[in-house]
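This is query-v7.tsv (TSV, C-alpha atoms and all ligand atoms).
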```
chain	number	residue	atom	x	y	z
A	58	MET	CA	79.23	66.71	-38.27
A	59	PRO	CA	78.71	65.32	-34.76
A	60	SER	CA	81.60	62.95	-33.98
A	61	ALA	CA	79.14	60.30	-32.71
A	62	ALA	CA	77.48	59.89	-36.13
A	63	ILE	CA	77.74	56.56	-37.90
A	64	ASN	CA	76.78	55.52	-41.39
A	65	GLN	CA	74.27	52.73	-41.95
A	66	ALA	CA	74.46	51.35	-45.47
A	67	LEU	CA	72.82	48.53	-47.42
A	68	TRP	CA	75.75	46.84	-49.15
A	69	TYR	CA	75.88	43.96	-51.57
A	70	ARG	CA	79.24	42.27	-51.64
A	71	ARG	CA	78.18	39.48	-54.02
A	72	PHE	CA	75.44	38.93	-56.59
A	73	GLY	CA	72.23	37.17	-55.55
A	74	PRO	CA	68.56	37.67	-54.75
A	75	PRO	CA	68.42	41.08	-53.01
A	76	ALA	CA	67.04	39.66	-49.74
A	77	GLU	CA	70.07	37.35	-49.55
A	78	ALA	CA	72.80	39.50	-51.05
A	79	LEU	CA	72.09	42.75	-49.15
A	80	ALA	CA	73.35	43.40	-45.62
A	81	LEU	CA	72.97	46.47	-43.40
A	82	GLU	CA	76.41	47.55	-42.23
A	83	ALA	CA	77.35	50.27	-39.75
A	84	SER	CA	80.62	52.14	-40.07
A	85	ASP	CA	82.35	55.33	-39.00
A	86	ILE	CA	81.99	58.23	-41.38
A	87	PRO	CA	85.16	58.73	-43.41
A	88	PRO	CA	86.69	62.19	-44.01
A	89	LEU	CA	85.00	64.07	-46.84
A	90	ASP	CA	86.76	63.61	-50.19
A	91	PRO	CA	88.02	66.84	-51.82
A	92	GLY	CA	85.44	68.52	-54.06
A	93	ARG	CA	82.52	66.58	-52.58
A	94	VAL	CA	79.62	67.46	-50.30
A	95	ARG	CA	78.23	65.19	-47.61
A	96	VAL	CA	74.47	64.65	-47.72
A	97	GLN	CA	72.51	63.20	-44.84
A	98	MET	CA	69.79	61.14	-46.48
A	99	THR	CA	66.16	61.54	-45.47
A	100	ALA	CA	64.39	59.28	-48.00
A	101	ALA	CA	65.29	56.82	-50.78
A	102	PRO	CA	62.80	54.65	-52.71
A	103	ILE	CA	63.04	51.05	-53.90
A	104	ASN	CA	62.83	50.81	-57.69
A	105	PRO	CA	63.24	47.76	-59.90
A	106	SER	CA	66.36	49.42	-61.29
A	107	ASP	CA	67.92	49.26	-57.79
A	108	LEU	CA	67.22	45.55	-57.38
A	109	ILE	CA	68.03	44.20	-60.85
A	110	PRO	CA	71.79	44.99	-60.67
A	111	ILE	CA	72.06	43.16	-57.32
A	112	THR	CA	71.00	39.93	-59.06
A	113	GLY	CA	73.94	40.19	-61.46
A	114	ALA	CA	71.78	40.95	-64.50
A	115	TYR	CA	74.16	43.81	-65.43
A	116	ARG	CA	77.35	42.06	-64.32
A	117	HIS	CA	79.19	43.32	-67.39
A	118	ARG	CA	79.10	46.85	-65.94
A	119	VAL	CA	77.87	46.80	-62.31
A	120	VAL	CA	80.11	44.83	-59.96
A	121	PRO	CA	80.00	44.50	-56.14
A	122	PRO	CA	80.98	45.51	-53.52
A	123	ARG	CA	78.56	48.43	-53.75
A	124	VAL	CA	76.01	50.29	-51.70
A	125	ALA	CA	72.64	49.85	-53.42
A	126	GLY	CA	70.19	52.58	-54.45
A	127	HIS	CA	70.14	55.08	-57.31
A	128	GLU	CA	68.07	57.99	-56.06
A	129	GLY	CA	66.93	59.78	-52.91
A	130	CYS	CA	66.75	63.08	-51.08
A	131	GLY	CA	68.80	64.53	-48.23
A	132	VAL	CA	70.35	67.60	-46.63
A	133	VAL	CA	73.91	68.90	-47.12
A	134	VAL	CA	75.64	68.59	-43.74
A	135	GLU	CA	79.28	69.09	-44.78
A	136	SER	CA	80.69	71.22	-47.57
A	137	ALA	CA	83.63	73.48	-48.31
A	138	ASP	CA	81.05	75.95	-49.62
A	139	PRO	CA	79.06	77.16	-46.59
A	140	ARG	CA	76.21	78.34	-48.88
A	141	LEU	CA	75.34	74.70	-49.54
A	142	LEU	CA	75.01	73.73	-45.88
A	143	GLY	CA	71.43	72.90	-44.92
A	144	ARG	CA	70.24	72.75	-48.56
A	145	ARG	CA	67.85	69.94	-49.50
A	146	VAL	CA	69.28	68.12	-52.49
A	147	LEU	CA	69.22	64.98	-54.61
A	148	PRO	CA	72.75	63.48	-54.45
A	149	LEU	CA	72.73	61.65	-57.79
A	150	ARG	CA	75.06	59.79	-60.15
A	151	GLY	CA	77.59	58.86	-57.46
A	152	GLU	CA	77.54	56.64	-54.37
A	153	GLY	CA	74.61	54.34	-53.64
A	154	THR	CA	71.75	56.16	-51.93
A	155	TRP	CA	70.62	53.40	-49.54
A	156	GLN	CA	72.81	54.75	-46.76
A	157	SER	CA	72.55	57.46	-44.12
A	158	PHE	CA	75.33	59.66	-45.56
A	159	VAL	CA	76.25	60.04	-49.22
A	160	GLN	CA	79.31	61.83	-50.56
A	161	ALA	CA	78.19	63.61	-53.72
A	162	ASP	CA	79.69	65.62	-56.55
A	163	PRO	CA	78.06	69.08	-56.40
A	164	GLU	CA	78.01	69.16	-60.22
A	165	TRP	CA	75.37	66.39	-60.34
A	166	THR	CA	73.62	67.34	-57.08
A	167	ILE	CA	70.18	68.79	-57.70
A	168	PRO	CA	68.70	71.42	-55.35
A	169	VAL	CA	65.12	70.64	-54.29
A	170	PRO	CA	62.50	73.44	-54.45
A	171	ASP	CA	60.99	74.25	-51.04
A	172	GLU	CA	57.47	73.19	-51.98
A	173	ILE	CA	58.49	69.66	-53.04
A	174	PRO	CA	58.25	67.29	-50.04
A	175	ASP	CA	61.09	64.82	-49.36
A	176	ASP	CA	59.08	61.74	-50.35
A	177	LEU	CA	58.31	63.21	-53.76
A	178	ALA	CA	61.79	64.68	-54.27
A	179	ALA	CA	63.33	61.30	-53.44
A	180	ARG	CA	61.47	59.84	-56.47
A	181	ALA	CA	62.03	62.74	-58.87
A	182	TYR	CA	64.80	61.15	-60.90
A	183	ILE	CA	64.56	57.59	-62.28
A	184	ASN	CA	60.92	57.30	-63.28
A	185	PRO	CA	59.96	60.93	-64.00
A	186	LEU	CA	63.08	61.59	-66.07
A	187	ALA	CA	62.67	58.33	-67.98
A	188	ALA	CA	59.02	59.18	-68.71
A	189	LEU	CA	59.87	62.74	-69.77
A	190	LEU	CA	62.67	61.65	-72.11
A	191	MET	CA	60.67	58.79	-73.64
A	192	LEU	CA	57.75	61.08	-74.42
A	193	GLU	CA	60.16	63.59	-75.98
A	194	ALA	CA	61.72	60.87	-78.13
A	195	TRP	CA	58.39	59.27	-79.15
A	196	PRO	CA	55.78	62.07	-79.01
A	197	PRO	CA	52.32	60.67	-78.22
A	198	ALA	CA	50.22	63.49	-79.75
A	199	GLY	CA	47.44	62.09	-81.90
A	200	ARG	CA	48.45	58.49	-81.22
A	201	ARG	CA	46.82	55.62	-79.33
A	202	VAL	CA	49.32	54.71	-76.63
A	203	LEU	CA	49.52	51.33	-74.88
A	204	LEU	CA	51.38	50.83	-71.59
A	205	THR	CA	52.35	47.57	-69.89
A	206	ALA	CA	53.01	47.14	-66.15
A	207	ALA	CA	50.57	50.03	-65.99
A	208	GLY	CA	50.33	49.93	-62.20
A	209	SER	CA	53.96	51.05	-61.95
A	210	THR	CA	55.04	54.58	-61.14
A	211	CYS	CA	56.80	54.98	-64.47
A	212	ALA	CA	53.81	53.80	-66.54
A	213	ARG	CA	51.40	56.03	-64.60
A	214	LEU	CA	53.57	59.07	-65.32
A	215	LEU	CA	53.90	58.04	-68.97
A	216	GLY	CA	50.15	57.63	-69.27
A	217	ALA	CA	49.13	60.86	-67.56
A	218	TRP	CA	51.75	62.94	-69.37
A	219	ALA	CA	50.91	61.29	-72.72
A	220	LEU	CA	47.30	62.42	-72.32
A	221	GLU	CA	48.45	65.94	-71.40
A	222	SER	CA	50.57	65.90	-74.58
A	223	GLY	CA	47.60	65.07	-76.78
A	224	ALA	CA	47.50	61.25	-76.98
A	225	ARG	CA	44.12	60.11	-78.37
A	226	GLU	CA	43.80	57.39	-75.74
A	227	VAL	CA	46.04	55.52	-73.31
A	228	LEU	CA	45.41	51.79	-72.95
A	229	ALA	CA	46.82	50.74	-69.58
A	230	VAL	CA	47.63	47.02	-69.47
A	231	HIS	CA	48.08	45.89	-65.87
A	232	ARG	CA	48.71	42.57	-64.13
A	233	SER	CA	46.92	42.97	-60.78
A	234	PRO	CA	43.18	43.79	-60.84
A	235	ALA	CA	43.84	46.15	-57.93
A	236	HIS	CA	45.12	48.86	-60.30
A	237	ALA	CA	42.04	49.23	-62.53
A	238	GLU	CA	40.23	51.90	-60.53
A	239	SER	CA	43.21	54.19	-59.97
A	240	LEU	CA	44.26	53.90	-63.63
A	241	ALA	CA	40.76	54.88	-64.75
A	242	ALA	CA	40.90	57.83	-62.34
A	243	LEU	CA	43.95	59.07	-64.28
A	244	GLY	CA	41.89	59.03	-67.48
A	245	LEU	CA	43.56	55.84	-68.76
A	246	THR	CA	41.69	52.82	-70.13
A	247	PRO	CA	42.55	49.87	-67.86
A	248	ILE	CA	42.90	46.39	-69.41
A	249	ARG	CA	43.95	43.27	-67.56
A	250	GLU	CA	46.89	41.38	-69.05
A	251	ASP	CA	44.74	38.23	-69.25
A	252	ASP	CA	41.65	40.01	-70.62
A	253	PRO	CA	40.59	38.55	-74.02
A	254	LYS	CA	40.10	42.21	-75.10
A	255	LEU	CA	43.88	42.71	-75.00
A	256	ALA	CA	44.31	41.61	-78.63
A	257	ALA	CA	41.72	44.14	-79.86
A	258	ALA	CA	43.32	46.90	-77.75
A	259	ALA	CA	46.79	46.12	-79.13
A	260	SER	CA	45.45	46.11	-82.69
A	261	ILE	CA	44.51	49.82	-82.42
A	262	ALA	CA	47.60	50.96	-80.48
A	263	ASP	CA	50.26	52.62	-82.58
A	264	LEU	CA	52.74	53.45	-79.78
A	265	ALA	CA	53.52	51.04	-76.93
A	266	PHE	CA	55.80	51.57	-73.93
A	267	ASP	CA	56.65	48.12	-72.59
A	268	ALA	CA	58.37	47.32	-69.27
A	269	VAL	CA	57.52	43.60	-69.15
A	270	GLY	CA	59.06	41.94	-72.22
A	271	GLY	CA	58.72	38.18	-72.73
A	272	ARG	CA	55.42	36.73	-73.91
A	273	LEU	CA	53.45	39.94	-73.33
A	274	ALA	CA	55.75	41.99	-75.57
A	275	ALA	CA	55.71	39.24	-78.21
A	276	ARG	CA	51.92	39.26	-78.12
A	277	LEU	CA	51.75	43.03	-78.55
A	278	LEU	CA	54.11	42.85	-81.50
A	279	ALA	CA	51.92	40.21	-83.10
A	280	GLU	CA	48.74	42.31	-82.70
A	281	MET	CA	49.90	45.92	-83.16
A	282	PRO	CA	49.67	47.63	-86.54
A	283	ARG	CA	52.80	47.29	-88.64
A	284	ARG	CA	53.37	51.06	-88.74
A	285	GLY	CA	53.46	51.18	-84.92
A	286	ASP	CA	56.35	51.65	-82.50
A	287	LEU	CA	57.09	49.60	-79.40
A	288	VAL	CA	59.51	51.12	-76.91
A	289	SER	CA	61.06	48.50	-74.63
A	290	TYR	CA	62.30	50.11	-71.39
A	291	GLY	CA	62.15	47.24	-68.88
A	292	LEU	CA	62.05	43.45	-68.61
A	293	LEU	CA	60.01	42.85	-65.47
A	294	SER	CA	59.17	39.32	-66.66
A	295	GLY	CA	62.91	38.58	-66.79
A	296	GLU	CA	62.35	37.24	-70.29
A	297	PRO	CA	63.62	38.83	-73.49
A	298	PHE	CA	61.66	38.95	-76.75
A	299	LEU	CA	62.54	39.28	-80.40
A	300	PRO	CA	61.20	41.87	-82.86
A	301	THR	CA	58.92	40.34	-85.48
A	302	PRO	CA	60.09	41.00	-89.05
A	303	ALA	CA	56.71	42.23	-90.27
A	304	GLY	CA	55.71	43.80	-86.95
A	305	PRO	CA	56.03	47.27	-85.45
A	306	THR	CA	59.44	48.91	-85.02
A	307	VAL	CA	61.08	48.01	-81.71
A	308	HIS	CA	63.11	50.70	-79.91
A	309	ARG	CA	65.10	50.33	-76.69
A	310	PHE	CA	65.27	53.03	-74.04
A	311	HIS	CA	67.82	53.12	-71.21
A	312	LEU	CA	68.14	56.24	-69.10
A	313	ARG	CA	71.85	55.55	-68.66
A	314	ASP	CA	72.36	55.93	-72.43
A	315	ARG	CA	70.82	59.40	-72.28
A	316	LEU	CA	73.09	60.39	-69.37
A	317	GLU	CA	76.30	59.64	-71.24
A	318	GLY	CA	78.02	62.89	-72.11
A	319	VAL	CA	75.15	65.08	-70.88
A	320	SER	CA	76.34	68.53	-69.71
A	321	ALA	CA	75.69	69.71	-66.16
A	322	ASP	CA	73.50	72.51	-67.58
A	323	ALA	CA	71.35	70.07	-69.56
A	324	TRP	CA	71.14	67.80	-66.52
A	325	ARG	CA	69.84	70.63	-64.34
A	326	GLY	CA	67.52	71.75	-67.14
A	327	TRP	CA	65.78	68.37	-67.08
A	328	PHE	CA	64.91	68.84	-63.43
A	329	GLU	CA	63.71	72.41	-64.06
A	330	SER	CA	61.23	70.83	-66.51
A	331	LEU	CA	60.30	68.09	-64.06
A	332	TRP	CA	59.58	70.08	-60.89
A	333	PRO	CA	56.45	71.88	-62.22
A	334	ARG	CA	55.13	68.61	-63.68
A	335	LEU	CA	55.74	66.74	-60.43
A	336	ARG	CA	53.96	69.42	-58.40
A	337	THR	CA	50.70	68.48	-60.13
A	338	ALA	CA	51.36	64.79	-60.92
A	339	THR	CA	49.31	62.01	-59.36
A	340	ILE	CA	52.10	59.76	-58.19
A	341	PRO	CA	51.64	56.68	-55.97
A	342	SER	CA	51.86	57.31	-52.24
A	343	VAL	CA	54.83	55.98	-50.26
A	344	ARG	CA	55.07	53.27	-47.65
A	345	PRO	CA	57.95	54.32	-45.36
A	346	PHE	CA	60.35	51.86	-43.71
A	347	PRO	CA	63.23	52.75	-41.38
A	348	ILE	CA	66.39	51.42	-43.05
A	349	GLU	CA	66.68	48.80	-40.26
A	350	TYR	CA	63.46	47.26	-41.62
A	351	TRP	CA	64.90	46.78	-45.08
A	352	ARG	CA	63.78	43.13	-45.27
A	353	GLU	CA	60.17	44.16	-44.65
A	354	ALA	CA	60.56	46.92	-47.27
A	355	LEU	CA	61.75	44.40	-49.87
A	356	ALA	CA	58.84	42.08	-49.02
A	357	SER	CA	56.44	45.01	-49.46
A	358	PHE	CA	58.04	45.83	-52.81
A	359	ASP	CA	57.31	42.28	-54.01
A	360	GLU	CA	53.57	42.47	-53.22
A	361	SER	CA	51.59	42.37	-56.46
A	362	GLY	CA	48.90	45.04	-56.61
A	363	ARG	CA	50.54	47.37	-54.10
A	364	SER	CA	49.38	50.97	-54.47
A	365	SER	CA	52.38	52.59	-52.78
A	366	LYS	CA	56.13	52.72	-53.26
A	367	PRO	CA	58.28	51.39	-50.39
A	368	ILE	CA	60.73	54.10	-49.35
A	369	PHE	CA	63.58	54.03	-46.85
A	370	ARG	CA	63.74	56.57	-44.07
A	371	PHE	CA	66.97	57.21	-42.21
A	372	ALA	CA	67.73	57.82	-38.53
A	373	GLU	CA	68.45	61.36	-37.37
A	374	VAL	CA	72.12	62.11	-36.71
A	375	ASP	CA	72.91	61.63	-33.07
A	376	PRO	CA	73.80	65.19	-32.05
A	377	GLY	CA	76.12	63.87	-29.29
A	378	PRO	CA	76.00	64.78	-25.58
A	379	THR	CA	74.29	68.07	-24.69
A	380	PRO	CA	76.87	70.53	-23.37
A	381	PRO	CA	76.48	71.33	-19.61
B	401	LIG	N1	64.95	51.88	-69.02
B	401	LIG	C1	64.98	52.84	-68.10
B	401	LIG	O1	65.81	53.74	-68.17
B	401	LIG	C2	63.96	52.83	-67.00
B	401	LIG	C3	63.80	53.95	-66.17
B	401	LIG	C4	62.80	53.91	-65.19
B	401	LIG	C5	62.04	52.75	-65.01
B	401	LIG	N2	62.29	51.68	-65.82
B	401	LIG	C6	61.51	50.46	-65.69
B	401	LIG	O2	60.17	50.77	-65.45
B	401	LIG	C7	59.56	49.65	-64.82
B	401	LIG	C8	58.69	50.13	-63.68
B	401	LIG	O3	59.50	50.72	-62.64
B	401	LIG	P1	58.75	51.47	-61.42
B	401	LIG	O4	59.77	51.98	-60.46
B	401	LIG	O5	57.80	52.41	-62.00
B	401	LIG	O6	57.95	50.24	-60.78
B	401	LIG	P2	57.05	50.20	-59.45
B	401	LIG	O7	56.37	51.51	-59.26
B	401	LIG	O8	57.89	49.69	-58.33
B	401	LIG	O9	55.95	49.14	-59.84
B	401	LIG	C9	56.30	47.86	-60.27
B	401	LIG	C10	55.13	47.34	-61.08
B	401	LIG	O10	55.61	46.30	-61.89
B	401	LIG	C11	54.59	45.37	-62.09
B	401	LIG	N3	55.19	44.08	-62.43
B	401	LIG	C12	56.22	43.47	-61.81
B	401	LIG	N4	56.53	42.32	-62.43
B	401	LIG	C13	55.65	42.20	-63.46
B	401	LIG	C14	55.46	41.24	-64.48
B	401	LIG	N5	56.23	40.14	-64.56
B	401	LIG	N6	54.47	41.43	-65.36
B	401	LIG	C15	53.69	42.55	-65.30
B	401	LIG	N7	53.83	43.49	-64.37
B	401	LIG	C16	54.80	43.33	-63.46
B	401	LIG	C17	53.82	45.35	-60.80
B	401	LIG	O11	52.53	45.05	-61.19
B	401	LIG	P3	51.33	44.42	-60.30
B	401	LIG	O12	51.18	45.32	-59.08
B	401	LIG	O13	50.19	44.58	-61.26
B	401	LIG	O14	51.68	43.02	-59.97
B	401	LIG	C18	53.98	46.80	-60.30
B	401	LIG	O15	52.85	47.56	-60.65
B	401	LIG	C19	60.71	48.71	-64.42
B	401	LIG	O16	60.85	47.70	-65.39
B	401	LIG	C20	61.92	49.61	-64.50
B	401	LIG	O17	63.12	48.89	-64.73
B	401	LIG	C21	63.22	51.70	-66.80
```

How would this structure read if it were set down as structure tokens?
Ligand SMILES: NC(=O)c1ccc[n+]([C@@H]2O[C@H](COP(=O)([O-])OP(=O)(O)OC[C@H]3O[C@@H](n4cnc5c(N)ncnc54)[C@H](OP(=O)(O)O)[C@@H]3O)[C@@H](O)[C@H]2O)c1
Amino acid sequence: MPSAAINQALWYRRFGPPAEALALEASDIPPLDPGRVRVQMTAAPINPSDLIPITGAYRHRVVPPRVAGHEGCGVVVESADPRLLGRRVLPLRGEGTWQSFVQADPEWTIPVPDEIPDDLAARAYINPLAALLMLEAWPPAGRRVLLTAAGSTCARLLGAWALESGAREVLAVHRSPAHAESLAALGLTPIREDDPKLAAAASIADLAFDAVGGRLAARLLAEMPRRGDLVSYGLLSGEPFLPTPAGPTVHRFHLRDRLEGVSADAWRGWFESLWPRLRTATIPSVRPFPIEYWREALASFDESGRSSKPIFRFAEVDPGPTPP
């Protein structure tokens, strides 16, 4: 580690709207904790699941001060095990990833295959793993699947992988008209949220994956067949909804529930399943922002109809003065 290196980190020290609560702070790099590796981050995306806790929505279990960010990719630059030095990894399930250096527990640190580029590796966890586990829990084969927030990364993966797994059709309900063409290119059937055809589409869907909640989820429950299943995995509207007594069965999915008690072997096994799928997946492109431009990155995240995922890039380590 060059002695001149500093850490830049996006902290939130109180709850609030992310643009107000976050601050970029520079600090010296502390000594490495025993049993940890130090990872120099190269890329970390912005996901809704990074922003929601900053607002205080999960205040019963996520409390500031914290560095934000749940996933990303980097290179091991300090380790008691010299074999790990220089390895590209995902430093997960520990410190926030929106910082230049992350101390990580090697047990939960995932090696990245050579052929997976940083910008894809940095997004290999939250959405792909959620999509994989949801499709395992509610197999889509032979069913008509409906997705909400279909322009999102998670819904696109759900839709494409549901078709690969034998879904009869995937109805992709999206908010911005900008998504229709790219959803159709994935083989999905795009439907605008405000299209009068939504009711007819919902009436033939027997498995829905909903990330919006609120009035849209309530409407789906009212229209879907009674024998159907609706999996609620996000509340992008910020509004809850109630199951309807005579409606489809409502299930909740939270990745964090699936992580509780998982063994390190099972954890690594999930990524072994994901890498080949991600190699061939059509996943939205990235829009890179140096971490110093975090405000612009957040503004880009909030643009409805965006076709790319804002992703932070981190400064190179200053190697210090060149020896004479
Ligand atoms: N439960 C879990 O474990 C889990 C795991 C992974 C992801 N998720 C959830 O999956 C969802 C998508 O995450 P992501 O990273 O894939 O998102 P993303 O790629 O950043 O895309 C966000 C999308 O959300 C749409 N959106 C935002 N607010 C909306 C609203 N009120 N109504 C309808 N659409 C809205 C936007 O649509 P437009 O462009 O059309 O405006 C945009 O396409 C989030 O709710 C996230 O929390 C949950």

Nearest candidate to Ser342 (chain A) (options A:Ile368, A:Ala303, A:Ala259, A:Leu240; using only C-alpha atoms):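 Of the candidates, the smallest distance to Ser342 (chain A) is held by A:Ile368.
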
Identify the residues within 12 Å of coordinate (55.0, 57.3, -74.5) (same frame as the file), considering all atoms listed in the file, and give the answer as a PyMOL selection string. chain A and resi 187-205+211-229+262-268+286-290+308+310

Around all the atoms of ligand LIG 401 (chain B) listed in the file, draw an axis-aligned box and extend it by 5 Å on each of the six sides; I want its centre and edge lengths in Å to one decimal, as AutoDock Vina command-line options.
```
--center_x 58.0 --center_y 47.0 --center_z -63.7 --size_x 25.6 --size_y 23.8 --size_z 20.7
```

Give the residue list for ligand LIG 401 (chain B) at 8 Å, counting all atoms listed in the file, as a PyMOL selection string, sorted by chain and then by residue number. chain A and resi 103-106+109+183-188+205-213+231-236+250+268-269+289-295+309-313+341+358-366

Take CA of Ala78 (chain A) and CA of Ile111 (chain A) and report the distance between them in Å, one decimal. 7.3 Å

Please determine, counting all atoms listed in the file, which residue among A:Ser357, A:Thr306, A:Ser320, A:Asn64 has the shortest atom-to-atom distance to Val124 (chain A).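 Smallest separation from Val124 (chain A) among the options: A:Asn64.
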
Between A:Leu255, A:Leu141, A:Ile348, A:Leu278, which residue has the minimum interatomic distance to Phe371 (chain A), considering all atoms listed in the file?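 Residue with the minimum atom-to-atom distance to Phe371 (chain A): A:Ile348.
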
At a cut-off of 7 Å, using all atoms listed in the file, what residues contact region 126-136 of chain A? Leave out same-chain residues fewer than 3 positions from it and give the result as JSON, numbers by chain. {"A": [58, 94, 95, 96, 97, 98, 99, 100, 101, 102, 107, 139, 141, 142, 143, 144, 145, 146, 147, 148, 149, 153, 154, 155, 175, 178, 179, 180, 182]}

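Note that CA of Ser157 (chain A) and CA of Gln65 (chain A) are 5.5 Å apart.
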